[in-house]
file target-v1.txt (compact mmCIF, C-alpha atoms and all ligand atoms)
# COMPACT_ATOMS: atom_id res chain seq x y z
CA MET Z 1 -22.82 6.22 38.90
CA SER Z 2 -26.10 4.63 37.94
CA LYS Z 3 -26.12 4.80 34.13
CA TYR Z 4 -24.99 2.06 31.77
CA TRP Z 5 -21.53 3.54 31.37
CA SER Z 6 -20.77 3.07 35.06
CA SER Z 7 -19.71 -0.48 34.29
CA LEU Z 8 -17.14 0.92 31.87
CA VAL Z 9 -15.62 3.73 33.89
CA GLY Z 10 -17.04 3.41 37.39
CA GLU Z 11 -14.06 1.47 38.67
CA LEU Z 12 -11.41 3.72 37.12
CA LYS Z 13 -9.29 5.74 39.49
CA PRO Z 14 -8.02 8.61 37.33
CA TYR Z 15 -4.77 10.50 37.85
CA VAL Z 16 -5.11 13.68 39.89
CA PRO Z 17 -2.75 16.34 38.52
CA GLY Z 18 -1.24 19.03 40.72
CA GLU Z 19 -3.28 22.17 41.08
CA GLN Z 20 -3.00 24.83 38.33
CA PRO Z 21 -4.29 27.94 40.12
CA LYS Z 22 -4.91 31.05 38.06
CA MET Z 23 -3.77 33.68 40.60
CA ALA Z 24 -0.71 35.34 39.10
CA ASN Z 25 0.87 36.37 42.40
CA LEU Z 26 1.23 32.82 43.73
CA VAL Z 27 4.66 31.23 44.00
CA LYS Z 28 3.90 27.99 42.21
CA LEU Z 29 6.30 25.23 43.21
CA ASN Z 30 3.95 22.26 42.94
CA THR Z 31 4.12 20.72 39.44
CA ASN Z 32 7.81 20.69 38.51
CA GLU Z 33 7.57 23.24 35.73
CA ASN Z 34 10.76 25.05 34.74
CA PRO Z 35 10.88 28.64 36.04
CA PHE Z 36 13.24 29.86 33.30
CA GLY Z 37 10.68 29.67 30.51
CA PRO Z 38 11.12 28.41 26.95
CA SER Z 39 13.93 29.48 24.64
CA PRO Z 40 13.11 32.74 22.77
CA LYS Z 41 13.91 30.77 19.61
CA VAL Z 42 11.03 28.42 20.39
CA ILE Z 43 8.60 31.32 20.63
CA GLU Z 44 9.92 32.70 17.35
CA ALA Z 45 9.57 29.33 15.61
CA ILE Z 46 5.98 28.99 16.78
CA GLN Z 47 5.15 32.53 15.65
CA ASN Z 48 6.64 31.78 12.23
CA GLU Z 49 4.34 28.77 11.96
CA LEU Z 50 1.20 30.84 12.51
CA ASP Z 51 0.02 31.16 8.93
CA ASP Z 52 -2.31 29.66 6.35
CA SER Z 53 -0.58 26.28 6.61
CA LEU Z 54 -2.63 25.69 9.78
CA ARG Z 55 -5.47 24.60 7.49
CA LEU Z 56 -3.39 21.56 6.57
CA TYR Z 57 -2.89 18.52 8.75
CA PRO Z 58 0.56 18.27 10.31
CA ASP Z 59 3.09 15.61 9.31
CA PRO Z 60 1.75 12.38 10.87
CA GLU Z 61 5.34 11.13 11.23
CA CYS Z 62 6.60 14.37 12.84
CA GLN Z 63 9.76 13.63 10.87
CA ALA Z 64 11.44 17.00 11.45
CA LEU Z 65 11.21 16.48 15.20
CA LYS Z 66 12.31 12.86 15.05
CA ASP Z 67 15.35 14.00 13.05
CA ALA Z 68 16.14 16.69 15.62
CA ILE Z 69 15.89 14.21 18.50
CA ALA Z 70 17.86 11.53 16.64
CA GLY Z 71 20.57 14.09 15.81
CA HIS Z 72 20.75 15.24 19.43
CA TYR Z 73 21.25 11.73 20.81
CA GLY Z 74 23.17 10.16 17.91
CA VAL Z 75 20.51 7.54 17.06
CA ASN Z 76 18.52 6.72 13.92
CA SER Z 77 15.18 8.54 13.53
CA LYS Z 78 13.47 5.14 13.21
CA GLN Z 79 14.43 4.62 16.84
CA VAL Z 80 12.39 7.66 17.91
CA PHE Z 81 8.70 7.86 18.78
CA VAL Z 82 6.96 11.15 19.61
CA GLY Z 83 3.69 11.91 21.37
CA ASN Z 84 1.50 14.55 22.92
CA GLY Z 85 3.44 14.81 26.17
CA SER Z 86 5.24 11.83 27.66
CA ASP Z 87 1.98 10.95 29.42
CA GLU Z 88 0.60 9.99 26.01
CA VAL Z 89 3.78 8.12 25.10
CA LEU Z 90 3.47 6.23 28.40
CA ALA Z 91 -0.19 5.48 27.68
CA HIS Z 92 0.78 3.84 24.38
CA ILE Z 93 3.55 1.90 26.12
CA PHE Z 94 1.16 0.53 28.74
CA GLN Z 95 -1.42 -0.25 26.11
CA GLY Z 96 0.84 -1.92 23.60
CA LEU Z 97 4.10 -3.04 25.18
CA LEU Z 98 3.44 -3.89 28.83
CA LYS Z 99 0.41 -6.12 28.49
CA HIS Z 100 1.35 -9.68 29.36
CA ASP Z 101 0.18 -12.50 31.54
CA LYS Z 102 2.61 -11.48 34.29
CA PRO Z 103 2.58 -8.31 36.40
CA VAL Z 104 4.38 -5.16 35.36
CA LEU Z 105 6.81 -4.06 38.09
CA PHE Z 106 7.27 -0.50 39.31
CA PRO Z 107 8.31 1.14 42.59
CA ASP Z 108 5.69 1.65 45.30
CA ILE Z 109 6.64 5.33 45.56
CA THR Z 110 6.72 6.64 42.02
CA TYR Z 111 4.87 8.52 39.30
CA SER Z 112 1.21 7.96 40.13
CA PHE Z 113 0.13 7.73 36.50
CA TYR Z 114 1.54 4.16 36.24
CA PRO Z 115 -1.18 2.51 38.36
CA VAL Z 116 -3.78 4.63 36.55
CA TYR Z 117 -2.70 3.25 33.15
CA CYS Z 118 -2.70 -0.25 34.59
CA GLY Z 119 -6.33 0.29 35.62
CA LEU Z 120 -7.30 1.76 32.24
CA TYR Z 121 -5.61 -0.90 30.12
CA GLN Z 122 -6.16 -3.77 32.54
CA VAL Z 123 -2.48 -4.44 32.97
CA GLU Z 124 -1.59 -6.45 36.05
CA SER Z 125 0.99 -4.79 38.28
CA LYS Z 126 3.16 -5.42 41.29
CA VAL Z 127 4.67 -2.58 43.31
CA ILE Z 128 8.21 -3.00 44.58
CA PRO Z 129 9.08 -1.17 47.81
CA LEU Z 130 11.91 1.33 47.77
CA THR Z 131 14.78 0.78 50.19
CA GLU Z 132 14.99 2.48 53.62
CA SER Z 133 16.77 5.38 51.92
CA PHE Z 134 14.05 5.63 49.23
CA GLU Z 135 16.20 4.08 46.50
CA ILE Z 136 15.38 1.53 43.81
CA ASN Z 137 17.20 -1.75 44.50
CA PRO Z 138 17.97 -3.53 41.19
CA GLU Z 139 17.98 -6.90 42.98
CA ASP Z 140 14.23 -6.52 43.60
CA TYR Z 141 13.59 -6.46 39.84
CA LYS Z 142 14.87 -9.99 39.29
CA GLN Z 143 11.54 -11.77 39.37
CA PRO Z 144 9.03 -12.90 36.72
CA ASN Z 145 7.30 -9.89 35.17
CA GLY Z 146 5.46 -8.58 32.14
CA GLY Z 147 7.60 -5.44 31.90
CA ILE Z 148 9.33 -2.97 34.19
CA ILE Z 149 8.96 0.79 34.43
CA PHE Z 150 10.56 3.35 36.71
CA PRO Z 151 11.46 7.01 36.48
CA ASN Z 152 15.14 7.89 36.70
CA PRO Z 153 15.50 10.14 38.64
CA ASN Z 154 12.48 8.77 40.47
CA ALA Z 155 9.54 11.03 41.22
CA PRO Z 156 8.62 12.28 43.75
CA THR Z 157 11.80 11.26 45.58
CA GLY Z 158 14.32 12.78 43.12
CA ARG Z 159 16.69 9.85 43.78
CA TYR Z 160 18.82 8.74 40.85
CA LEU Z 161 19.90 5.23 39.93
CA GLY Z 162 23.36 5.01 38.30
CA LEU Z 163 23.41 3.65 34.75
CA GLU Z 164 25.31 0.54 35.83
CA HIS Z 165 22.32 -0.39 38.03
CA VAL Z 166 19.86 0.41 35.26
CA GLU Z 167 21.88 -1.93 33.05
CA ALA Z 168 21.73 -4.65 35.70
CA ILE Z 169 17.92 -4.46 35.60
CA ILE Z 170 17.86 -4.58 31.79
CA GLU Z 171 20.28 -7.52 31.63
CA ALA Z 172 18.34 -9.50 34.23
CA ASN Z 173 15.15 -9.17 32.15
CA PRO Z 174 15.98 -9.93 28.51
CA ASP Z 175 12.41 -11.08 27.77
CA SER Z 176 10.71 -7.99 29.20
CA VAL Z 177 10.50 -4.43 28.04
CA VAL Z 178 12.28 -2.18 30.54
CA VAL Z 179 11.03 1.40 30.36
CA VAL Z 180 13.16 4.13 31.90
CA ASP Z 181 11.09 7.27 32.31
CA GLU Z 182 13.66 10.06 32.16
CA ALA Z 183 11.39 13.09 32.60
CA TYR Z 184 13.97 14.67 34.96
CA VAL Z 185 17.25 13.23 33.69
CA ASP Z 186 18.70 16.49 32.36
CA PHE Z 187 19.08 17.96 35.85
CA GLY Z 188 22.16 15.90 36.70
CA GLY Z 189 21.53 12.34 35.53
CA GLU Z 190 22.99 10.42 32.62
CA THR Z 191 20.58 9.23 29.95
CA ALA Z 192 20.12 5.53 29.21
CA ILE Z 193 19.56 6.45 25.53
CA GLN Z 194 23.24 5.64 25.05
CA LEU Z 195 22.34 1.99 25.86
CA VAL Z 196 19.50 1.46 23.38
CA ASP Z 197 21.71 -0.01 20.66
CA ARG Z 198 22.99 -2.60 23.11
CA TYR Z 199 19.65 -3.67 24.61
CA PRO Z 200 16.67 -4.37 22.33
CA ASN Z 201 14.39 -4.55 25.38
CA LEU Z 202 15.17 -0.99 26.57
CA LEU Z 203 12.82 1.92 25.95
CA VAL Z 204 13.72 5.38 27.24
CA CYS Z 205 10.97 7.94 27.61
CA GLN Z 206 11.56 11.70 27.88
CA THR Z 207 9.63 14.95 27.85
CA LEU Z 208 10.10 18.57 26.76
CA SER Z 209 8.04 19.70 29.75
CA LYS Z 210 10.88 19.97 32.25
CA ALA Z 211 14.42 20.84 31.11
CA ARG Z 212 13.10 22.49 27.92
CA SER Z 213 10.40 24.35 29.79
CA LEU Z 214 7.57 23.46 27.40
CA ALA Z 215 4.96 21.80 29.62
CA GLY Z 216 2.28 23.83 27.84
CA LEU Z 217 3.25 22.57 24.39
CA ARG Z 218 2.79 18.88 25.30
CA VAL Z 219 5.65 17.04 23.63
CA GLY Z 220 7.21 13.79 24.79
CA PHE Z 221 9.24 11.07 23.09
CA ALA Z 222 10.67 7.60 23.43
CA VAL Z 223 13.89 6.14 22.06
CA GLY Z 224 14.53 2.44 21.67
CA ASN Z 225 15.05 -0.47 19.36
CA GLU Z 226 13.34 -0.04 15.95
CA GLU Z 227 10.98 -2.95 16.61
CA LEU Z 228 9.73 -1.44 19.86
CA ILE Z 229 9.24 1.89 18.12
CA GLU Z 230 7.36 0.20 15.27
CA ALA Z 231 5.07 -1.41 17.86
CA LEU Z 232 4.40 2.00 19.40
CA ASN Z 233 3.69 3.46 15.95
CA ARG Z 234 1.03 0.83 15.41
CA VAL Z 235 -0.64 1.70 18.70
CA LYS Z 236 -0.45 5.41 17.85
CA ASP Z 237 -1.91 4.91 14.37
CA SER Z 238 -4.80 3.01 15.93
CA PHE Z 239 -5.46 5.97 18.21
CA ASN Z 240 -4.51 9.32 16.62
CA SER Z 241 -2.49 9.69 13.43
CA TYR Z 242 -1.48 13.28 14.25
CA PRO Z 243 -0.09 13.27 17.77
CA LEU Z 244 1.53 16.71 17.48
CA ASP Z 245 0.15 19.84 15.88
CA ARG Z 246 2.19 22.10 13.58
CA LEU Z 247 3.01 24.58 16.34
CA ALA Z 248 4.25 21.87 18.70
CA ILE Z 249 6.45 20.32 16.03
CA ALA Z 250 7.99 23.70 15.11
CA GLY Z 251 8.54 24.69 18.75
CA ALA Z 252 10.00 21.33 19.74
CA VAL Z 253 12.45 21.31 16.83
CA ALA Z 254 13.63 24.80 17.81
CA ALA Z 255 14.03 23.66 21.42
CA PHE Z 256 16.44 20.92 20.35
CA GLU Z 257 18.36 23.38 18.19
CA ASP Z 258 18.93 25.83 21.06
CA ARG Z 259 21.38 23.84 23.16
CA GLU Z 260 22.71 26.96 24.84
CA TRP Z 261 19.33 27.86 26.37
CA PHE Z 262 18.82 24.27 27.45
CA GLU Z 263 22.15 24.23 29.29
CA HIS Z 264 21.52 27.63 30.83
CA CYS Z 265 18.19 26.41 32.27
CA CYS Z 266 19.53 23.07 33.52
CA ASN Z 267 22.56 24.67 35.18
CA GLY Z 268 20.39 27.36 36.76
CA VAL Z 269 18.04 24.75 38.23
CA ILE Z 270 20.91 22.61 39.52
CA ARG Z 271 22.59 25.61 41.16
CA GLU Z 272 19.38 26.64 42.88
CA ARG Z 273 18.61 23.04 43.92
CA GLU Z 274 21.95 22.82 45.74
CA ARG Z 275 21.40 26.20 47.42
CA LEU Z 276 17.83 25.37 48.46
CA THR Z 277 18.90 21.97 49.81
CA GLU Z 278 21.55 23.57 52.01
CA LYS Z 279 19.17 26.23 53.33
CA LEU Z 280 16.39 23.75 54.03
CA GLU Z 281 18.79 21.48 55.89
CA ALA Z 282 19.86 24.44 57.98
CA LYS Z 283 16.19 24.92 58.89
CA GLY Z 284 15.84 21.36 60.19
CA PHE Z 285 14.69 19.55 57.06
CA GLU Z 286 15.92 16.20 55.85
CA VAL Z 287 16.30 16.57 52.08
CA LEU Z 288 16.74 13.47 49.92
CA PRO Z 289 19.63 13.78 47.43
CA SER Z 290 17.94 14.97 44.24
CA ARG Z 291 18.99 14.93 40.60
CA ALA Z 292 15.64 16.38 39.51
CA ASN Z 293 14.16 19.88 39.31
CA PHE Z 294 12.55 19.40 42.71
CA VAL Z 295 13.54 18.35 46.20
CA PHE Z 296 11.70 15.92 48.45
CA ALA Z 297 12.04 17.07 52.03
CA ARG Z 298 10.56 16.52 55.48
CA HIS Z 299 10.98 18.52 58.62
CA ARG Z 300 12.33 16.67 61.63
CA GLN Z 301 9.46 17.89 63.86
CA LYS Z 302 6.64 19.51 61.86
CA PRO Z 303 4.16 17.45 59.83
CA GLY Z 304 4.36 17.99 56.05
CA ALA Z 305 0.63 18.67 55.71
CA ASP Z 306 0.85 21.53 58.23
CA ILE Z 307 3.83 23.10 56.50
CA ALA Z 308 2.09 22.85 53.10
CA ALA Z 309 -1.04 24.50 54.52
CA MET Z 310 0.92 27.31 56.18
CA LEU Z 311 2.87 27.96 52.99
CA ARG Z 312 -0.34 28.07 51.03
CA ASP Z 313 -1.69 30.76 53.32
CA LYS Z 314 1.36 32.77 52.36
CA GLY Z 315 0.74 32.25 48.63
CA ILE Z 316 3.32 29.49 48.10
CA ILE Z 317 2.14 26.17 46.70
CA VAL Z 318 4.18 22.99 47.13
CA ARG Z 319 3.06 19.37 46.65
CA HIS Z 320 2.08 17.17 49.57
CA PHE Z 321 1.10 13.50 49.09
CA ASN Z 322 -1.17 11.90 51.62
CA LYS Z 323 0.36 8.46 51.15
CA PRO Z 324 1.96 5.91 53.47
CA ARG Z 325 5.68 6.48 54.16
CA ILE Z 326 5.77 9.90 52.48
CA SER Z 327 3.02 11.84 54.21
CA ASP Z 328 5.58 13.95 56.07
CA PHE Z 329 7.39 14.94 52.90
CA LEU Z 330 6.92 17.95 50.68
CA ARG Z 331 7.87 17.92 47.03
CA ILE Z 332 9.17 21.37 46.24
CA THR Z 333 9.84 22.42 42.64
CA ILE Z 334 13.01 24.44 42.18
CA GLY Z 335 11.94 27.96 41.32
CA THR Z 336 13.81 31.12 40.38
CA PRO Z 337 16.22 32.44 43.03
CA GLY Z 338 13.50 34.95 43.99
CA GLN Z 339 10.82 32.27 44.35
CA ASN Z 340 13.13 30.06 46.39
CA ASN Z 341 13.98 32.98 48.66
CA ALA Z 342 10.25 33.63 49.13
CA LEU Z 343 9.80 29.99 50.13
CA LEU Z 344 12.70 30.12 52.59
CA LYS Z 345 11.46 33.35 54.09
CA ALA Z 346 7.95 31.95 54.52
CA ILE Z 347 9.30 28.84 56.20
CA GLY Z 348 11.46 31.00 58.46
CA ASP Z 349 8.58 33.33 59.31
CA VAL Z 350 6.09 30.63 60.13
CA PHE Z 351 8.04 28.05 62.05
CA PHE Z 352 11.62 28.74 62.80
N1 LIG W 1 6.97 11.02 33.91
C1 LIG W 1 7.17 11.56 35.11
C2 LIG W 1 8.00 10.82 36.10
C3 LIG W 1 6.59 12.80 35.44
O1 LIG W 1 6.76 13.32 36.65
C4 LIG W 1 5.83 13.48 34.47
C5 LIG W 1 5.25 14.85 34.75
N2 LIG W 1 4.23 14.91 35.61
C6 LIG W 1 5.62 12.86 33.24
C7 LIG W 1 6.22 11.65 32.98
C8 LIG W 1 4.74 13.47 32.19
O2 LIG W 1 5.24 14.57 31.60
P1 LIG W 1 4.57 15.22 30.30
O3 LIG W 1 3.28 14.50 30.02
O4 LIG W 1 4.37 16.65 30.64
O5 LIG W 1 5.55 15.02 29.20
call {"tool": "encode", "arguments": {"input": "target-v1.txt", "output": "structure tokens", "more": "lines below"}}
Ligand code: PMP
result
Amino acid sequence: MSKYWSSLVGELKPYVPGEQPKMANLVKLNTNENPFGPSPKVIEAIQNELDDSLRLYPDPECQALKDAIAGHYGVNSKQVFVGNGSDEVLAHIFQGLLKHDKPVLFPDITYSFYPVYCGLYQVESKVIPLTESFEINPEDYKQPNGGIIFPNPNAPTGRYLGLEHVEAIIEANPDSVVVVDEAYVDFGGETAIQLVDRYPNLLVCQTLSKARSLAGLRVGFAVGNEELIEALNRVKDSFNSYPLDRLAIAGAVAAFEDREWFEHCCNGVIRERERLTEKLEAKGFEVLPSRANFVFARHRQKPGADIAAMLRDKGIIVRHFNKPRISDFLRITIGTPGQNNALLKAIGDVFF
């Protein structure tokens, strides 16, 4: 970059999202979307919202959605913050809550947006290695820091940290904000939202993109102490007063109301995850124990990049990361039974 703006953005290393190919016949298992689709009640709610009221700005507080979330988790709506996808919620957190004179801690193998936000908002960071078995060790988070963030379950490993260990991290860091990014928690984890009244330094971030199958609607939220939420509201109001449009608010409220659909989707994903894990293991893969809607697996002989390329030739897309320690792994989103069978067949046909 040679123009004047290069000094502003030239050094930024932006996040690279997983591919979103347009070909309808591909088996897309690369970006952890939910194969079951949104609740029919969500579609209906959005359709009902398609009228003349679209000329009006939406509620800047998104109060109906905050009420729905607060009701679902048994908290006060003043403890809820909502944003345009949890990526935006995380951006506000990095901008407003994790900016100190000490480094923010996060795992070395984790959601790759964290280092991107650190670059954008000039937040110092320190990466903490995972254990041999790709787990977060709470002991490693007992060191001076300007905040802590980790996904639980972690991504892309899928490994889950029990709430007692999450609590140990929070208790060891009373002067830091501890952010638990629970994008995948509904697929077998326990949410730390139940701890927010006990720990004023805890902020739990979630999304409607995964268990509620609404990645296209872009809705995320955070739950925490009222003061933390007030701080996030100030950042939001300095950025965009209307984080969610009318359709997103209506759809998201309906998603929280349809508990039955939510449970049906989560149980379906969990069932398929266990089946896929067993079948992959039988084909010579090591599969990390996952509580997410994906598995992280490596074959005992074949390089991950080769398997990903061969699958792609057969119209199946999985995620491969060319990074130290995990370059032999594939992150495979749990699909429908049919998609998972297609994956297993392709693996069987090509290699085994
Ligand atoms: N956190 C983690 C750990 C994720 O994997 C993702 C999805 N890529 C997000 C947050 C962001 O989700 P969204 O912006 O769709 O809410």
call {"tool": "closest_residue", "arguments": {"input": "target-v1.txt", "among": "Z:Ala250, Z:Val179, Z:Leu120, Z:Val185", "to": "Ile149 of chain Z", "atoms": "all atoms listed in the file"}}
result
Z:Val179
call {"tool": "closest_residue", "arguments": {"input": "target-v1.txt", "among": "Z:Val104, Z:Leu97, Z:Ala222, Z:Ile136", "to": "ligand LIG 1 (chain W)", "atoms": "all atoms listed in the file"}}
result
Z:Ala222
call {"tool": "atom_distance", "arguments": {"input": "target-v1.txt", "atom1": "atom CA of Leu276 of chain Z", "atom2": "atom CA of Ser39 of chain Z"}}
result
24.5 Å
call {"tool": "residues_near_ligand", "arguments": {"input": "target-v1.txt", "ligand": "ligand LIG 1 (chain W)", "cutoff": "10 Å", "atoms": "all atoms listed in the file", "output": "NGL selection string"}}
result
:Z and (17-18 or 31-33 or 83-91 or 110-114 or 150-156 or 158 or 180-185 or 205-210 or 213-221 or 292)
call {"tool": "residues_around", "arguments": {"input": "target-v1.txt", "residues": "Pro303 of chain Z", "least_positions_apart": "2", "cutoff": "6 Å", "atoms": "only C-alpha atoms", "output": "JSON, numbers by chain"}}
result
{"Z": [305, 306, 328]}
call {"tool": "closest_atom_pairs", "arguments": {"input": "target-v1.txt", "of": "segment 112-166 of chain Z", "to": "segment 280-290 of chain Z", "cutoff": "9 Å", "atoms": "only C-alpha atoms", "output": "CSV"}}
result
residue,atom,partner,partner_atom,distance
Z:Ser133,CA,Z:Leu288,CA,8.3
Z:Phe134,CA,Z:Leu288,CA,8.3
Z:Pro153,CA,Z:Ser290,CA,7.8
Z:Thr157,CA,Z:Leu288,CA,6.9
Z:Gly158,CA,Z:Ser290,CA,4.4
Z:Arg159,CA,Z:Ser290,CA,5.3
Z:Tyr160,CA,Z:Ser290,CA,7.1
call {"tool": "closest_residue", "arguments": {"input": "target-v1.txt", "among": "Z:Ala211, Z:Leu244, Z:Val223, Z:Ile170", "to": "Tyr199 of chain Z", "atoms": "only C-alpha atoms"}}
result
Z:Ile170
call {"tool": "residues_around", "arguments": {"input": "target-v1.txt", "residues": "Ser125 of chain Z", "least_positions_apart": "5", "cutoff": "9 Å", "atoms": "all atoms listed in the file", "output": "list of chain:residue names"}}
result
Z:Lys102, Z:Pro103, Z:Val104, Z:Leu105, Z:Phe106, Z:Pro115, Z:Cys118, Z:Asn145, Z:Gly146
call {"tool": "closest_residue", "arguments": {"input": "target-v1.txt", "among": "Z:Arg331, Z:Arg246, Z:His264, Z:Arg198", "to": "Cys62 of chain Z", "atoms": "all atoms listed in the file"}}
result
Z:Arg246
call {"tool": "atom_distance", "arguments": {"input": "target-v1.txt", "atom1": "atom CA of Ser327 of chain Z", "atom2": "atom CA of Pro14 of chain Z"}}
result
20.4 Å
call {"tool": "residues_around", "arguments": {"input": "target-v1.txt", "residues": "Cys266 of chain Z", "least_positions_apart": "3", "cutoff": "12 Å", "atoms": "all atoms listed in the file", "output": "PyMOL selection string"}}
result
chain Z and resi 34-38+184-189+210-213+259-263+269-273+291-293+334-335
call {"tool": "write_last_selection", "arguments": {"input": "target-v1.txt", "atoms": "C-alpha atoms", "output": "short mmCIF file (atom, residue, chain, number, x, y, z; two decimals), keeping the file's coordinate frame"}}
result
data_model
loop_
_atom_site.label_atom_id
_atom_site.label_comp_id
_atom_site.auth_asym_id
_atom_site.auth_seq_id
_atom_site.Cartn_x
_atom_site.Cartn_y
_atom_site.Cartn_z
CA ASN Z 34 10.76 25.05 34.74
CA PRO Z 35 10.88 28.64 36.04
CA PHE Z 36 13.24 29.86 33.30
CA GLY Z 37 10.68 29.67 30.51
CA PRO Z 38 11.12 28.41 26.95
CA TYR Z 184 13.97 14.67 34.96
CA VAL Z 185 17.25 13.23 33.69
CA ASP Z 186 18.70 16.49 32.36
CA PHE Z 187 19.08 17.96 35.85
CA GLY Z 188 22.16 15.90 36.70
CA GLY Z 189 21.53 12.34 35.53
CA LYS Z 210 10.88 19.97 32.25
CA ALA Z 211 14.42 20.84 31.11
CA ARG Z 212 13.10 22.49 27.92
CA SER Z 213 10.40 24.35 29.79
CA ARG Z 259 21.38 23.84 23.16
CA GLU Z 260 22.71 26.96 24.84
CA TRP Z 261 19.33 27.86 26.37
CA PHE Z 262 18.82 24.27 27.45
CA GLU Z 263 22.15 24.23 29.29
CA VAL Z 269 18.04 24.75 38.23
CA ILE Z 270 20.91 22.61 39.52
CA ARG Z 271 22.59 25.61 41.16
CA GLU Z 272 19.38 26.64 42.88
CA ARG Z 273 18.61 23.04 43.92
CA ARG Z 291 18.99 14.93 40.60
CA ALA Z 292 15.64 16.38 39.51
CA ASN Z 293 14.16 19.88 39.31
CA ILE Z 334 13.01 24.44 42.18
CA GLY Z 335 11.94 27.96 41.32
#
call {"tool": "residues_around", "arguments": {"input": "target-v1.txt", "residues": "Asn25 of chain Z", "least_positions_apart": "4", "cutoff": "12 Å", "atoms": "only C-alpha atoms", "output": "ChimeraX atom specification"}}
result
/Z:21,314-317,339,342
